[in-house]
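Participant: Here it is, the structure in full.
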Amino acid sequence: MKRELRHFLQFKDVTRNELDYLFERTRRIKKRFKSYQRYWPLQDRTLVMIFEKASTRTRLSFEAGMHQLGGAAIYLNTRDSQLGRGEPVEDAAQVISRMSDIVMIRTYEQEILERFAGHSRVPVINGLTNQYHPCQVLADIYTFIDHRGSIQGKTVAWIGDSNNVCQTWLQAAKVLDFKVHVSTPPGYEVDAARAGIQDNSHFAQFSDPHEAVAGADLVTTDVWTSMGFEAENDRRHEAFSDWQVDDKLMRGANEQALFMHCLPAHRGEEVAAAVIDGPQSVVWDEAENRLHTQKALMEFLLMGVIDD
């Protein structure tokens with residue numbers, strides 16, 4: 001029987017039960033990897049990675065991950081392919097999905113991703129768009145679970161720009177039943193419609209970052225100027241100057257609170273060196289877990305639920 005075609009374009013594309021399964025599969029896959037046990041469920045399968053936006057962690061984690069699962073990964077940059085010469089996204093999706101088994105796309109607009117997925121015969125994964133970054137938050141939540149247990153009922157404080165990662169955290173809060181406190185400078189508040197916020201059951205907005213982190217179990221942030229917004233850099237640096245995650249801010253959080261950052265980080269801007277390099281920081285575990293959560297995700301999209 002042919003399996004249902006599934007994509008991962010936004011965090012809400014998977015259910016709570018499916019996330020529980022993915023986190024458990026991540027734990028098992030990571031344990032095998034750390035024990036040098038060969039695990040090749042995707043042998044002879046091919047991942048195509050399409051990049052319009054530059055990347056370090058996304059390319060490395062997907063490419064290494066596919067190899068570690070026994071498959072092959074092919075890198076395509078839109079500048080070096082027909083996509084960069086005006087070929088319709090829909091046509092590219094038809095061709096690429098007939099020559100591969102799964103596709104990851106890192107691009108600017110969510111609409112491009114949606115159009116590609118709408119004409120693809122294979123699963124499509126969002127490697128990042130301006131609107132969402134579901135693979136990052138998947139790894140972040142697994143990292144929290146690995147260190148502190150269930151995230152249900154916990155509080156996550158987001159400090160800084162209400163960007164694609166922030167909006168994905170807000171989607172995740174609804175699916176997994178936790179709270180997100182967001183503090184941004186004026187003019188950079190959360191877009192409720194884009195984040196899918198219908199009520200305040202999992203979300204609260206704060207003008208003061210110290211109020212946002214009060215009692216939080218996790219404090220997280222990102223660069224003040226995301227890719228594609230470089231022209232706003234000077235204005236953003238002025239606007240965000242009071243939204244740095246430093247020691248003083250962290251002291252307002254839960255004593256056992258973790259600090260996360262999706263990287264790359266700018267020490268002295270959105271985060272103080274003492275925080276990102278300090279004892280509450282789990283950024284290196286967080287970065288590594290992109291590899292393992294994405295392996296579990298690719299396995300799930302291609303093979304469904306397995307029991308081994």
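Quick note on naming: the chains in the structure tokens go A, B, ... in the order shown, residues restart at 1 in each chain, and ligands are numbered from 1 in order of appearance.
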I want to know what sits within 10 Å of A:Asp277, based on only C-alpha atoms, with residues of the same chain fewer than 6 positions away left out; could you give that as a list in words?

Facilitator: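 The neighbour list is Phe259, Arg267, Val271, Val283 and Trp284 of chain A.
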
Participant: Create the file for the chosen residues now, containing C-alpha atoms and written as a PDB file, in the first residue's frame.

Facilitator:
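The resulting file, again.pdb, is shown below:
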```pdb
ATOM      1  CA  PHE A 259      20.299  29.210  27.471  1.00  0.00           C
ATOM      2  CA  ARG A 267      28.990  37.950  21.357  1.00  0.00           C
ATOM      3  CA  VAL A 271      24.203  37.675  23.915  1.00  0.00           C
ATOM      4  CA  VAL A 283      24.287  25.791  22.458  1.00  0.00           C
ATOM      5  CA  TRP A 284      26.803  23.132  21.364  1.00  0.00           C
TER       6      TRP A 284
END
```

Participant: Per residue of stretch 102-161 of chain A within 7 Å of stretch 42-60 of chain A, which atom pair is closest and at what distance in Å (one decimal), using only C-alpha atoms, listed by chain and increasing number, as a tab-separated table?

Facilitator:
```
residue	atom	partner	partner_atom	distance
A:Ile102	CA	A:Leu47	CA	5.0
A:Val103	CA	A:Val48	CA	4.8
A:Met104	CA	A:Met49	CA	4.8
A:Ile105	CA	A:Ile50	CA	4.7
A:Arg106	CA	A:Phe51	CA	5.0
A:Thr107	CA	A:Glu52	CA	4.8
A:Tyr108	CA	A:Lys53	CA	6.9
A:Gly127	CA	A:Thr58	CA	6.7
```

Participant: Need to verify the contact set: A:Ser183, 12 Å, only C-alpha atoms, exclusion of same-chain residues closer than 2 positions in sequence. Can you return it as a ChimeraX atom specification?

Facilitator: /A:156-163,166,180-181,185-190,203-214,219-221,240,242-245

Participant: May I have the residues from that selection written out with C-alpha atoms, as a JSON list (two decimals), in the first residue's frame?

Facilitator:
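Everything below was put into part.json:
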```json
[["chain", "number", "residue", "atom", "x", "y", "z"],
["A", 156, "VAL", "CA", 10.40, 29.69, 27.23],
["A", 157, "ALA", "CA", 11.57, 33.32, 27.10],
["A", 158, "TRP", "CA", 12.38, 34.66, 23.65],
["A", 159, "ILE", "CA", 14.42, 37.88, 23.75],
["A", 160, "GLY", "CA", 15.01, 39.99, 20.62],
["A", 161, "ASP", "CA", 13.62, 39.93, 17.12],
["A", 162, "SER", "CA", 10.32, 38.12, 16.50],
["A", 163, "ASN", "CA", 11.86, 36.32, 13.53],
["A", 166, "CYS", "CA", 10.52, 32.94, 17.32],
["A", 180, "VAL", "CA", 6.44, 31.42, 25.26],
["A", 181, "HIS", "CA", 7.22, 34.87, 26.69],
["A", 185, "PRO", "CA", 11.75, 46.39, 20.96],
["A", 186, "PRO", "CA", 8.80, 48.53, 19.81],
["A", 187, "GLY", "CA", 8.04, 47.91, 16.16],
["A", 188, "TYR", "CA", 9.40, 44.35, 16.18],
["A", 189, "GLU", "CA", 6.52, 42.62, 17.96],
["A", 190, "VAL", "CA", 5.12, 39.23, 17.00],
["A", 203, "PHE", "CA", 1.87, 33.29, 24.51],
["A", 204, "ALA", "CA", 2.61, 36.53, 26.32],
["A", 205, "GLN", "CA", 4.23, 39.70, 24.97],
["A", 206, "PHE", "CA", 6.48, 41.89, 27.20],
["A", 207, "SER", "CA", 8.02, 45.28, 26.54],
["A", 208, "ASP", "CA", 10.58, 44.66, 29.32],
["A", 209, "PRO", "CA", 12.90, 41.67, 28.72],
["A", 210, "HIS", "CA", 13.42, 41.27, 32.49],
["A", 211, "GLU", "CA", 9.70, 40.65, 32.93],
["A", 212, "ALA", "CA", 9.76, 38.14, 30.07],
["A", 213, "VAL", "CA", 12.50, 35.98, 31.62],
["A", 214, "ALA", "CA", 11.05, 36.00, 35.17],
["A", 219, "VAL", "CA", 16.01, 31.66, 27.64],
["A", 220, "THR", "CA", 16.75, 31.86, 23.94],
["A", 221, "THR", "CA", 17.59, 34.48, 21.34],
["A", 240, "PHE", "CA", 17.89, 46.21, 20.14],
["A", 242, "ASP", "CA", 18.67, 46.90, 25.58],
["A", 243, "TRP", "CA", 17.72, 43.38, 24.53],
["A", 244, "GLN", "CA", 21.03, 41.62, 25.12],
["A", 245, "VAL", "CA", 20.91, 38.36, 27.10]]
```

Participant: Name the closest residue to A:Gln256 among the candidates A:Arg38, A:Lys154, A:Lys174, A:Arg235; distances are taken between atoms, counting only C-alpha atoms.

Facilitator: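 Residue with the minimum atom-to-atom distance to A:Gln256: A:Lys154.
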
Participant: With DSSP run on the backbone, what are the strand (DSSP E) residues within stretch 54-139 of chain A? I'd like them as a ChimeraX atom specification.

Facilitator: /A:72-77,102-106,124-128

Participant: Which residues come within 10 Å of A:Leu5, counting only C-alpha atoms, excluding same-chain residues fewer than 5 positions away, as a PyMOL selection string?

Facilitator: chain A and resi 120-124+301-302

Participant: Write a file of the just-selected residues containing C-alpha atoms, as a compact mmCIF listing (two decimals), in the first residue's frame.

Facilitator:
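Result file is selection08.txt:
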```txt
# COMPACT_ATOMS: atom_id res chain seq x y z
CA SER A 120 6.59 17.29 -5.46
CA ARG A 121 6.17 13.52 -5.48
CA VAL A 122 8.47 13.14 -2.46
CA PRO A 123 8.63 14.65 1.06
CA VAL A 124 9.84 18.24 1.32
CA LEU A 301 8.98 11.01 6.37
CA LEU A 302 10.37 8.20 4.21
```

Participant: Write out as JSON, numbers by chain all residues of stretch 75-306 of chain A that DSSP puts in alpha helix (DSSP H) for this structure's backbone.

Facilitator: {"A": [89, 90, 91, 92, 93, 94, 95, 96, 110, 111, 112, 113, 114, 115, 116, 117, 118, 134, 135, 136, 137, 138, 139, 140, 141, 142, 143, 144, 145, 146, 147, 148, 164, 165, 166, 167, 168, 169, 170, 171, 172, 173, 174, 175, 176, 192, 193, 194, 195, 209, 210, 211, 212, 213, 233, 234, 235, 236, 237, 238, 239, 247, 248, 249, 250, 251, 273, 274, 275, 276, 283, 284, 285, 286, 287, 288, 289, 290, 291, 292, 293, 294, 295, 296, 297, 298, 299, 300, 301, 302, 303]}

Participant: Using only C-alpha atoms, pick whichever of A:His147, A:Glu63, A:Thr293, A:Gly153 has the shortest atom-to-atom distance to A:Ser281.

Facilitator: A:His147

Participant: Given the choices A:Val165, A:Cys262, A:Leu249, A:Ile112, which gets closest to A:Val275 if the distance is worked out from only C-alpha atoms?

Facilitator: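 The answer is A:Leu249, which sits nearest to A:Val275.
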
Participant: Find the residues near A:Ser241: any atom within 9 Å, counting only C-alpha atoms, skip ones fewer than 4 places away on the same chain, and give them as an MDAnalysis selection string.

Facilitator: chainID A and resid 236:237 269:270

Participant: Provide the atom CA of A:Thr15 to atom CA of A:Leu176 distance in Å, to one decimal place.

Facilitator: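 Taking atom CA of A:Thr15 and atom CA of A:Leu176, their separation equals 8.7 Å.
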
Participant: Give me the residues within 8 Å of A:Leu258 as a list in words, counting only C-alpha atoms and dropping any in the same chain fewer than 6 places off.

Facilitator: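 My reading of the contact set: Phe144, Asp217, Leu218, Val219, Gln280, Ser281 and Val282 of chain A.
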
Participant: Grab the atom CA of A:Thr225 to atom CA of A:Asn126 distance for me, in Å with one decimal place.

Facilitator: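 For atom CA of A:Thr225 relative to atom CA of A:Asn126, the distance reads 20.6 Å.
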
Participant: Nearest residue to A:Thr26 out of A:Asp146, A:Glu114, A:Glu87, A:Asp234, using only C-alpha atoms?

Facilitator: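 The answer is A:Asp146, which sits nearest to A:Thr26.
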
Participant: Given only C-alpha atoms as the basis, pick out the residue of A:Ala117, A:Ala192, A:Leu19, A:Val305 nearest to A:Val137.

Facilitator: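 Answer, going by the shortest atom-to-atom distance: A:Leu19.
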
Participant: Mind giving me the straight-line distance from atom CA of A:Tyr132 to atom CA of A:Gln10 in Å, one decimal?

Facilitator: 6.6 Å
